[in-house]
>>> print(open('upload.cif').read())   # mmCIF, N, CA and C atoms
data_data
loop_
_atom_site.label_atom_id
_atom_site.label_comp_id
_atom_site.auth_asym_id
_atom_site.auth_seq_id
_atom_site.Cartn_x
_atom_site.Cartn_y
_atom_site.Cartn_z
N MET A 6 -10.20 -3.70 -5.93
CA MET A 6 -8.75 -3.69 -6.05
C MET A 6 -8.20 -2.49 -5.28
N PRO A 7 -7.21 -2.67 -4.43
CA PRO A 7 -6.67 -1.54 -3.67
C PRO A 7 -5.90 -0.58 -4.57
N VAL A 8 -5.90 0.66 -4.18
CA VAL A 8 -5.09 1.66 -4.86
C VAL A 8 -3.66 1.47 -4.40
N VAL A 9 -2.74 1.29 -5.33
CA VAL A 9 -1.35 1.01 -4.99
C VAL A 9 -0.46 2.03 -5.66
N LEU A 10 0.46 2.56 -4.90
CA LEU A 10 1.46 3.49 -5.42
C LEU A 10 2.82 2.92 -5.08
N LEU A 11 3.58 2.58 -6.08
CA LEU A 11 4.93 2.06 -5.85
C LEU A 11 5.91 3.22 -5.83
N THR A 12 6.83 3.17 -4.89
CA THR A 12 7.86 4.18 -4.82
C THR A 12 9.21 3.50 -4.65
N ALA A 13 10.22 4.16 -5.03
CA ALA A 13 11.58 3.69 -4.79
C ALA A 13 12.36 4.86 -4.22
N ALA A 14 13.18 4.59 -3.24
CA ALA A 14 13.91 5.67 -2.59
C ALA A 14 15.35 5.25 -2.35
N LEU A 15 16.22 6.18 -2.48
CA LEU A 15 17.62 5.97 -2.18
C LEU A 15 17.95 6.88 -1.01
N SER A 16 18.42 6.32 0.08
CA SER A 16 18.77 7.14 1.23
C SER A 16 20.00 7.95 0.88
N VAL A 17 19.90 9.27 1.02
CA VAL A 17 21.00 10.13 0.62
C VAL A 17 21.78 10.70 1.80
N ALA A 18 21.47 10.27 2.99
CA ALA A 18 22.19 10.76 4.16
C ALA A 18 23.64 10.28 4.09
N GLN A 19 24.54 11.21 4.13
CA GLN A 19 25.98 10.95 4.15
C GLN A 19 26.46 10.12 2.95
N LEU A 20 25.90 10.38 1.79
CA LEU A 20 26.34 9.66 0.60
C LEU A 20 27.67 10.21 0.11
N THR A 21 28.53 9.32 -0.26
CA THR A 21 29.76 9.69 -0.94
C THR A 21 29.73 9.00 -2.30
N THR A 22 30.68 9.29 -3.13
CA THR A 22 30.73 8.65 -4.44
C THR A 22 30.81 7.14 -4.30
N GLU A 23 31.64 6.67 -3.36
CA GLU A 23 31.81 5.23 -3.16
C GLU A 23 30.56 4.60 -2.57
N SER A 24 29.95 5.25 -1.59
CA SER A 24 28.79 4.64 -0.93
C SER A 24 27.54 4.71 -1.79
N ALA A 25 27.49 5.67 -2.72
CA ALA A 25 26.31 5.80 -3.59
C ALA A 25 26.12 4.54 -4.43
N ALA A 26 27.21 3.98 -4.90
CA ALA A 26 27.12 2.77 -5.72
C ALA A 26 26.64 1.58 -4.90
N ALA A 27 26.94 1.57 -3.61
CA ALA A 27 26.58 0.43 -2.76
C ALA A 27 25.30 0.67 -1.97
N ALA A 28 24.73 1.87 -2.03
CA ALA A 28 23.52 2.18 -1.25
C ALA A 28 22.35 1.34 -1.75
N PRO A 29 21.64 0.71 -0.84
CA PRO A 29 20.52 -0.13 -1.27
C PRO A 29 19.32 0.71 -1.71
N LEU A 30 18.68 0.27 -2.76
CA LEU A 30 17.46 0.90 -3.22
C LEU A 30 16.31 0.37 -2.38
N LYS A 31 15.46 1.26 -1.90
CA LYS A 31 14.32 0.87 -1.06
C LYS A 31 13.06 0.86 -1.92
N LEU A 32 12.25 -0.16 -1.75
CA LEU A 32 10.99 -0.26 -2.46
C LEU A 32 9.86 0.09 -1.51
N GLY A 33 8.98 0.97 -1.96
CA GLY A 33 7.87 1.37 -1.13
C GLY A 33 6.55 1.21 -1.85
N VAL A 34 5.49 1.18 -1.06
CA VAL A 34 4.15 1.06 -1.61
C VAL A 34 3.20 1.92 -0.79
N GLY A 35 2.30 2.56 -1.47
CA GLY A 35 1.23 3.29 -0.80
C GLY A 35 -0.09 2.63 -1.17
N MET A 36 -0.88 2.32 -0.18
CA MET A 36 -2.18 1.72 -0.44
C MET A 36 -3.16 2.19 0.61
N THR A 37 -4.43 2.09 0.30
CA THR A 37 -5.45 2.61 1.19
C THR A 37 -5.67 1.74 2.42
N ASP A 38 -5.34 0.47 2.35
CA ASP A 38 -5.57 -0.45 3.46
C ASP A 38 -4.26 -1.10 3.88
N PRO A 39 -3.66 -0.68 5.02
CA PRO A 39 -2.40 -1.28 5.44
C PRO A 39 -2.51 -2.78 5.74
N GLY A 40 -3.73 -3.26 5.95
CA GLY A 40 -3.93 -4.68 6.18
C GLY A 40 -3.63 -5.54 4.96
N GLN A 41 -3.53 -4.91 3.79
CA GLN A 41 -3.24 -5.65 2.56
C GLN A 41 -1.74 -5.68 2.23
N LEU A 42 -0.92 -5.11 3.10
CA LEU A 42 0.51 -5.01 2.82
C LEU A 42 1.17 -6.39 2.71
N THR A 43 0.89 -7.28 3.63
CA THR A 43 1.50 -8.61 3.60
C THR A 43 1.12 -9.34 2.31
N GLY A 44 -0.15 -9.28 1.94
CA GLY A 44 -0.58 -9.92 0.70
C GLY A 44 0.10 -9.33 -0.52
N PHE A 45 0.31 -8.02 -0.49
CA PHE A 45 1.01 -7.37 -1.59
C PHE A 45 2.45 -7.85 -1.68
N ASP A 46 3.12 -7.91 -0.52
CA ASP A 46 4.51 -8.40 -0.50
C ASP A 46 4.60 -9.81 -1.07
N ILE A 47 3.66 -10.66 -0.70
CA ILE A 47 3.64 -12.04 -1.21
C ILE A 47 3.42 -12.03 -2.73
N ALA A 48 2.48 -11.20 -3.18
CA ALA A 48 2.15 -11.15 -4.61
C ALA A 48 3.33 -10.71 -5.47
N ILE A 49 4.16 -9.79 -4.97
CA ILE A 49 5.30 -9.33 -5.78
C ILE A 49 6.55 -10.16 -5.53
N GLY A 50 6.49 -11.05 -4.53
CA GLY A 50 7.63 -11.93 -4.25
C GLY A 50 8.79 -11.23 -3.57
N ARG A 51 8.50 -10.13 -2.91
CA ARG A 51 9.55 -9.35 -2.22
C ARG A 51 8.90 -8.53 -1.13
N ARG A 52 9.61 -8.39 -0.05
CA ARG A 52 9.12 -7.55 1.04
C ARG A 52 9.39 -6.09 0.69
N THR A 53 8.37 -5.25 0.76
CA THR A 53 8.58 -3.82 0.55
C THR A 53 9.25 -3.24 1.79
N ASP A 54 9.95 -2.15 1.60
CA ASP A 54 10.67 -1.52 2.71
C ASP A 54 9.88 -0.38 3.34
N ILE A 55 9.15 0.37 2.49
CA ILE A 55 8.49 1.60 2.93
C ILE A 55 6.99 1.49 2.68
N PHE A 56 6.21 1.87 3.69
CA PHE A 56 4.76 1.95 3.54
C PHE A 56 4.37 3.42 3.59
N LEU A 57 3.73 3.91 2.52
CA LEU A 57 3.32 5.30 2.42
C LEU A 57 1.84 5.42 2.73
N THR A 58 1.51 6.36 3.61
CA THR A 58 0.12 6.63 3.93
C THR A 58 -0.08 8.14 4.04
N TYR A 59 -1.32 8.55 4.14
CA TYR A 59 -1.67 9.97 4.17
C TYR A 59 -2.56 10.25 5.38
N ALA A 60 -2.47 11.47 5.89
CA ALA A 60 -3.36 11.92 6.96
C ALA A 60 -3.47 13.44 6.88
N ASP A 61 -4.62 13.95 7.28
CA ASP A 61 -4.76 15.40 7.32
C ASP A 61 -4.52 15.89 8.75
N ILE A 62 -4.23 17.16 8.88
CA ILE A 62 -3.84 17.75 10.16
C ILE A 62 -4.93 17.62 11.22
N ARG A 63 -6.19 17.59 10.82
CA ARG A 63 -7.31 17.52 11.77
C ARG A 63 -7.58 16.10 12.27
N SER A 64 -7.12 15.10 11.51
CA SER A 64 -7.39 13.71 11.89
C SER A 64 -6.48 13.27 13.04
N SER A 65 -6.78 12.13 13.58
CA SER A 65 -5.94 11.53 14.61
C SER A 65 -4.88 10.66 13.95
N PHE A 66 -3.74 10.54 14.61
CA PHE A 66 -2.70 9.64 14.13
C PHE A 66 -3.26 8.22 14.10
N PRO A 67 -3.16 7.52 12.96
CA PRO A 67 -3.77 6.18 12.83
C PRO A 67 -2.93 5.08 13.47
N ARG A 68 -2.75 5.18 14.77
CA ARG A 68 -1.87 4.27 15.51
C ARG A 68 -2.22 2.80 15.31
N GLU A 69 -3.47 2.46 15.51
CA GLU A 69 -3.87 1.04 15.45
C GLU A 69 -3.68 0.46 14.05
N GLU A 70 -3.90 1.27 13.03
CA GLU A 70 -3.71 0.80 11.66
C GLU A 70 -2.23 0.62 11.32
N LEU A 71 -1.38 1.50 11.87
CA LEU A 71 0.03 1.49 11.50
C LEU A 71 0.90 0.62 12.41
N LEU A 72 0.40 0.26 13.56
CA LEU A 72 1.20 -0.54 14.50
C LEU A 72 1.66 -1.86 13.87
N PRO A 73 0.79 -2.64 13.24
CA PRO A 73 1.28 -3.89 12.63
C PRO A 73 2.31 -3.65 11.52
N VAL A 74 2.17 -2.54 10.80
CA VAL A 74 3.12 -2.20 9.75
C VAL A 74 4.50 -1.94 10.36
N ALA A 75 4.53 -1.15 11.42
CA ALA A 75 5.80 -0.85 12.10
C ALA A 75 6.38 -2.11 12.74
N GLN A 76 5.55 -2.91 13.35
CA GLN A 76 6.03 -4.13 14.01
C GLN A 76 6.61 -5.13 13.02
N SER A 77 6.16 -5.07 11.78
CA SER A 77 6.68 -5.98 10.76
C SER A 77 8.01 -5.49 10.18
N GLY A 78 8.46 -4.32 10.63
CA GLY A 78 9.75 -3.80 10.20
C GLY A 78 9.71 -2.86 9.01
N HIS A 79 8.54 -2.54 8.51
CA HIS A 79 8.44 -1.60 7.40
C HIS A 79 8.71 -0.18 7.90
N ILE A 80 9.28 0.64 7.06
CA ILE A 80 9.45 2.06 7.33
C ILE A 80 8.12 2.73 6.99
N ILE A 81 7.61 3.55 7.89
CA ILE A 81 6.36 4.26 7.63
C ILE A 81 6.69 5.67 7.17
N GLN A 82 6.13 6.05 6.04
CA GLN A 82 6.24 7.42 5.55
C GLN A 82 4.84 8.00 5.51
N LEU A 83 4.65 9.09 6.22
CA LEU A 83 3.33 9.70 6.36
C LEU A 83 3.31 11.05 5.67
N ALA A 84 2.48 11.17 4.63
CA ALA A 84 2.26 12.46 3.98
C ALA A 84 1.22 13.19 4.83
N TRP A 85 1.66 14.23 5.49
CA TRP A 85 0.83 14.97 6.46
C TRP A 85 0.30 16.22 5.77
N GLU A 86 -0.99 16.27 5.55
CA GLU A 86 -1.58 17.30 4.71
C GLU A 86 -2.28 18.39 5.51
N PRO A 87 -2.01 19.66 5.18
CA PRO A 87 -2.59 20.79 5.91
C PRO A 87 -3.98 21.17 5.42
N TRP A 88 -4.94 20.31 5.66
CA TRP A 88 -6.31 20.60 5.34
C TRP A 88 -7.19 19.61 6.05
N ASP A 89 -8.48 19.74 5.90
CA ASP A 89 -9.45 18.87 6.56
C ASP A 89 -10.17 18.06 5.48
N TRP A 90 -9.90 16.76 5.42
CA TRP A 90 -10.49 15.91 4.40
C TRP A 90 -12.01 15.88 4.47
N THR A 91 -12.58 16.13 5.65
CA THR A 91 -14.02 16.03 5.81
C THR A 91 -14.75 17.31 5.42
N SER A 92 -14.02 18.37 5.08
CA SER A 92 -14.63 19.65 4.75
C SER A 92 -15.37 19.59 3.41
N ALA A 93 -16.51 20.25 3.36
CA ALA A 93 -17.29 20.34 2.13
C ALA A 93 -16.60 21.24 1.10
N GLN A 94 -15.58 22.00 1.52
CA GLN A 94 -14.87 22.90 0.61
C GLN A 94 -13.93 22.16 -0.34
N GLY A 95 -13.73 20.88 -0.11
CA GLY A 95 -12.77 20.15 -0.94
C GLY A 95 -11.36 20.61 -0.64
N ALA A 96 -10.54 20.70 -1.67
CA ALA A 96 -9.13 21.06 -1.48
C ALA A 96 -8.91 22.56 -1.30
N ASN A 97 -9.88 23.39 -1.64
CA ASN A 97 -9.76 24.83 -1.51
C ASN A 97 -10.18 25.26 -0.11
N GLN A 98 -9.21 25.28 0.82
CA GLN A 98 -9.49 25.60 2.22
C GLN A 98 -8.55 26.72 2.68
N PRO A 99 -8.94 27.96 2.50
CA PRO A 99 -8.09 29.10 2.84
C PRO A 99 -7.62 29.12 4.29
N ALA A 100 -8.37 28.52 5.19
CA ALA A 100 -7.96 28.50 6.60
C ALA A 100 -6.61 27.81 6.79
N TYR A 101 -6.23 26.95 5.86
CA TYR A 101 -4.99 26.18 5.99
C TYR A 101 -3.83 26.77 5.20
N ARG A 102 -3.94 28.02 4.84
CA ARG A 102 -2.81 28.66 4.15
C ARG A 102 -1.58 28.68 5.06
N LEU A 103 -0.42 28.68 4.43
CA LEU A 103 0.84 28.62 5.18
C LEU A 103 0.95 29.74 6.20
N ARG A 104 0.51 30.93 5.86
CA ARG A 104 0.61 32.06 6.80
C ARG A 104 -0.19 31.79 8.07
N ASN A 105 -1.30 31.09 7.96
CA ASN A 105 -2.10 30.76 9.14
C ASN A 105 -1.44 29.67 9.99
N ILE A 106 -0.80 28.74 9.32
CA ILE A 106 -0.08 27.69 10.05
C ILE A 106 1.11 28.29 10.78
N THR A 107 1.91 29.12 10.08
CA THR A 107 3.08 29.71 10.72
C THR A 107 2.71 30.73 11.79
N ARG A 108 1.53 31.30 11.71
CA ARG A 108 1.05 32.24 12.72
C ARG A 108 0.68 31.51 14.02
N GLY A 109 0.49 30.21 13.93
CA GLY A 109 0.19 29.43 15.13
C GLY A 109 -1.23 28.95 15.24
N ASP A 110 -2.01 29.15 14.17
CA ASP A 110 -3.42 28.76 14.21
C ASP A 110 -3.63 27.26 14.44
N PHE A 111 -2.64 26.46 14.11
CA PHE A 111 -2.79 25.01 14.22
C PHE A 111 -1.77 24.39 15.18
N ASP A 112 -1.24 25.21 16.07
CA ASP A 112 -0.24 24.70 17.01
C ASP A 112 -0.77 23.57 17.88
N ASN A 113 -2.03 23.64 18.28
CA ASN A 113 -2.59 22.56 19.10
C ASN A 113 -2.59 21.24 18.34
N GLU A 114 -2.98 21.26 17.07
CA GLU A 114 -2.97 20.05 16.26
C GLU A 114 -1.54 19.54 16.06
N ILE A 115 -0.61 20.44 15.80
CA ILE A 115 0.78 20.06 15.59
C ILE A 115 1.35 19.42 16.85
N ARG A 116 1.06 20.00 18.00
CA ARG A 116 1.54 19.41 19.27
C ARG A 116 0.91 18.04 19.53
N ARG A 117 -0.38 17.92 19.22
CA ARG A 117 -1.05 16.63 19.41
C ARG A 117 -0.40 15.56 18.54
N TRP A 118 -0.14 15.90 17.28
CA TRP A 118 0.52 14.96 16.38
C TRP A 118 1.92 14.62 16.89
N ALA A 119 2.65 15.61 17.37
CA ALA A 119 4.00 15.37 17.88
C ALA A 119 3.96 14.40 19.06
N ARG A 120 3.02 14.59 19.97
CA ARG A 120 2.89 13.67 21.11
C ARG A 120 2.52 12.26 20.65
N ASP A 121 1.57 12.16 19.73
CA ASP A 121 1.15 10.85 19.23
C ASP A 121 2.29 10.13 18.52
N LEU A 122 3.07 10.86 17.73
CA LEU A 122 4.21 10.25 17.04
C LEU A 122 5.28 9.81 18.04
N ARG A 123 5.52 10.64 19.03
CA ARG A 123 6.48 10.28 20.08
C ARG A 123 6.05 9.02 20.81
N ASP A 124 4.78 8.95 21.16
CA ASP A 124 4.26 7.83 21.93
C ASP A 124 4.09 6.56 21.10
N PHE A 125 4.12 6.67 19.78
CA PHE A 125 3.97 5.52 18.91
C PHE A 125 5.09 4.50 19.14
N GLY A 126 6.30 4.99 19.37
CA GLY A 126 7.40 4.10 19.70
C GLY A 126 8.16 3.54 18.51
N TYR A 127 7.77 3.91 17.32
CA TYR A 127 8.47 3.48 16.12
C TYR A 127 8.75 4.71 15.27
N PRO A 128 9.83 4.67 14.47
CA PRO A 128 10.10 5.83 13.61
C PRO A 128 9.04 5.99 12.53
N VAL A 129 8.71 7.23 12.25
CA VAL A 129 7.79 7.58 11.17
C VAL A 129 8.42 8.74 10.42
N ARG A 130 8.57 8.56 9.12
CA ARG A 130 9.06 9.66 8.28
C ARG A 130 7.87 10.54 7.94
N ILE A 131 7.99 11.81 8.25
CA ILE A 131 6.92 12.77 7.96
C ILE A 131 7.24 13.48 6.66
N ARG A 132 6.26 13.53 5.78
CA ARG A 132 6.38 14.27 4.53
C ARG A 132 5.31 15.34 4.53
N PRO A 133 5.65 16.54 5.02
CA PRO A 133 4.65 17.61 5.02
C PRO A 133 4.27 17.99 3.60
N MET A 134 3.03 18.26 3.40
CA MET A 134 2.55 18.63 2.06
C MET A 134 2.34 20.13 2.00
#
>>> encode(input="upload.cif", output="structure tokens")
Amino acid sequence: MPVVLLTAALSVAQLTTESAAAAPLKLGVGMTDPGQLTGFDIAIGRRTDIFLTYADIRSSFPREELLPVAQSGHIIQLAWEPWDWTSAQGANQPAYRLRNITRGDFDNEIRRWARDLRDFGYPVRIRPM
């Protein structure tokens, strides 16, 4: 059974009292396999709006996995995590402290991600962790 995380989001850009009542609620789902998104939409009887996925700073942008999701019109939200999932240290990785990131230790990775996101051709919401 896939791991599923349901989310709901209300876009708050330029909300006024009047528009808040009419703003559409967005339904999102996070799952480990984007290939199961269509089946999930069918199972719940509604198309989800947002697909949530995760990636660490050292990994490559998962273009091939996310392309069908973007082409189907789903909004992609990417939780971008400042650590290395493959490290034997687990979540305790001092090299990825904020001071090291702001000092520029990971600028090459950040630039690579920026280029990959630009070249993807579809919007991706980034959620830095």
>>> resolve_selection(input="upload.cif", expression="the PyMOL selection byres ((chain A and resi 80-85) around 8)", output="list of chain:residue names")
A:Thr53, A:Asp54, A:Ile55, A:Phe56, A:Leu57, A:Thr58, A:Tyr59, A:Ala60, A:Asp61, A:Ile62, A:Leu71, A:Val74, A:Ala75, A:Ser77, A:Gly78, A:His79, A:Glu86, A:Pro87, A:Trp88, A:Tyr127, A:Pro128, A:Val129, A:Arg130, A:Ile131, A:Arg132, A:Pro133, A:Met134
>>> atom_distance(input="upload.cif", atom1="CA of Asp124 (chain A)", atom2="CA of Asp112 (chain A)")
18.1 Å
>>> atom_distance(input="upload.cif", atom1="atom N of Asp89 (chain A)", atom2="atom N of Ser64 (chain A)")
7.4 Å
>>> atom_distance(input="upload.cif", atom1="atom N of Phe66 (chain A)", atom2="atom N of Leu122 (chain A)")
7.5 Å
>>> residues_around(input="upload.cif", residues="Glu70 (chain A)", least_positions_apart="2", cutoff="9 Å", atoms="only C-alpha atoms", output="list in words")
Asp38, Pro39, Gly40, Pro67, Arg68, Leu72, Pro73 and Val74 of chain A
>>> select_by_dssp(input="upload.cif", residues="chain A", states="strand (DSSP E or B)", output="PyMOL selection string")
chain A and resi 9-15+30-36+55-61+80-86+129-133
>>> select_by_dssp(input="upload.cif", residues="chain A", states="helix (DSSP H, G or I)", output="number ranges by chain")
A: 22-27, 39-49, 68-76, 99-101, 103-108, 112-125
>>> residues_around(input="upload.cif", residues="Arg52 (chain A)", least_positions_apart="5", cutoff="9 Å", atoms="only C-alpha atoms", output="VMD selection string")
chain A and resid 32 43 45 to 47 79
>>> decode(input="upload.cif", residues="region 50-62 of chain A", atoms="N, CA, C and O atoms", output="PDB file, in the first residue's frame")
ATOM      1  N   GLY A  50     -12.514   9.509  -6.456  1.00  0.00           N
ATOM      2  CA  GLY A  50     -13.584  10.110  -7.252  1.00  0.00           C
ATOM      3  C   GLY A  50     -13.414  11.593  -7.502  1.00  0.00           C
ATOM      4  O   GLY A  50     -14.371  12.297  -7.775  1.00  0.00           O
ATOM      5  N   ARG A  51     -12.183  12.059  -7.417  1.00  0.00           N
ATOM      6  CA  ARG A  51     -11.893  13.493  -7.614  1.00  0.00           C
ATOM      7  C   ARG A  51     -10.438  13.636  -8.015  1.00  0.00           C
ATOM      8  O   ARG A  51      -9.576  12.915  -7.554  1.00  0.00           O
ATOM      9  N   ARG A  52     -10.189  14.577  -8.873  1.00  0.00           N
ATOM     10  CA  ARG A  52      -8.814  14.865  -9.272  1.00  0.00           C
ATOM     11  C   ARG A  52      -8.164  15.709  -8.184  1.00  0.00           C
ATOM     12  O   ARG A  52      -8.710  16.726  -7.763  1.00  0.00           O
ATOM     13  N   THR A  53      -7.011  15.285  -7.692  1.00  0.00           N
ATOM     14  CA  THR A  53      -6.273  16.097  -6.733  1.00  0.00           C
ATOM     15  C   THR A  53      -5.621  17.262  -7.478  1.00  0.00           C
ATOM     16  O   THR A  53      -5.374  17.190  -8.676  1.00  0.00           O
ATOM     17  N   ASP A  54      -5.374  18.333  -6.759  1.00  0.00           N
ATOM     18  CA  ASP A  54      -4.791  19.527  -7.371  1.00  0.00           C
ATOM     19  C   ASP A  54      -3.277  19.585  -7.192  1.00  0.00           C
ATOM     20  O   ASP A  54      -2.558  20.057  -8.057  1.00  0.00           O
ATOM     21  N   ILE A  55      -2.803  19.117  -6.024  1.00  0.00           N
ATOM     22  CA  ILE A  55      -1.400  19.283  -5.652  1.00  0.00           C
ATOM     23  C   ILE A  55      -0.772  17.916  -5.405  1.00  0.00           C
ATOM     24  O   ILE A  55      -1.354  17.067  -4.728  1.00  0.00           O
ATOM     25  N   PHE A  56       0.414  17.716  -5.967  1.00  0.00           N
ATOM     26  CA  PHE A  56       1.189  16.499  -5.695  1.00  0.00           C
ATOM     27  C   PHE A  56       2.410  16.901  -4.885  1.00  0.00           C
ATOM     28  O   PHE A  56       3.223  17.715  -5.317  1.00  0.00           O
ATOM     29  N   LEU A  57       2.551  16.333  -3.688  1.00  0.00           N
ATOM     30  CA  LEU A  57       3.654  16.640  -2.789  1.00  0.00           C
ATOM     31  C   LEU A  57       4.705  15.545  -2.876  1.00  0.00           C
ATOM     32  O   LEU A  57       4.388  14.359  -2.807  1.00  0.00           O
ATOM     33  N   THR A  58       5.950  15.962  -3.050  1.00  0.00           N
ATOM     34  CA  THR A  58       7.056  15.016  -3.068  1.00  0.00           C
ATOM     35  C   THR A  58       8.231  15.607  -2.299  1.00  0.00           C
ATOM     36  O   THR A  58       8.211  16.782  -1.928  1.00  0.00           O
ATOM     37  N   TYR A  59       9.237  14.801  -2.060  1.00  0.00           N
ATOM     38  CA  TYR A  59      10.393  15.208  -1.270  1.00  0.00           C
ATOM     39  C   TYR A  59      11.677  14.921  -2.042  1.00  0.00           C
ATOM     40  O   TYR A  59      11.737  13.979  -2.821  1.00  0.00           O
ATOM     41  N   ALA A  60      12.700  15.724  -1.787  1.00  0.00           N
ATOM     42  CA  ALA A  60      14.029  15.476  -2.354  1.00  0.00           C
ATOM     43  C   ALA A  60      15.063  16.108  -1.432  1.00  0.00           C
ATOM     44  O   ALA A  60      14.795  17.110  -0.772  1.00  0.00           O
ATOM     45  N   ASP A  61      16.235  15.500  -1.394  1.00  0.00           N
ATOM     46  CA  ASP A  61      17.304  16.095  -0.600  1.00  0.00           C
ATOM     47  C   ASP A  61      18.219  16.905  -1.526  1.00  0.00           C
ATOM     48  O   ASP A  61      18.210  16.721  -2.745  1.00  0.00           O
ATOM     49  N   ILE A  62      18.975  17.802  -0.939  1.00  0.00           N
ATOM     50  CA  ILE A  62      19.793  18.748  -1.690  1.00  0.00           C
ATOM     51  C   ILE A  62      20.845  18.053  -2.564  1.00  0.00           C
ATOM     52  O   ILE A  62      21.230  18.554  -3.606  1.00  0.00           O
TER      53      ILE A  62
END
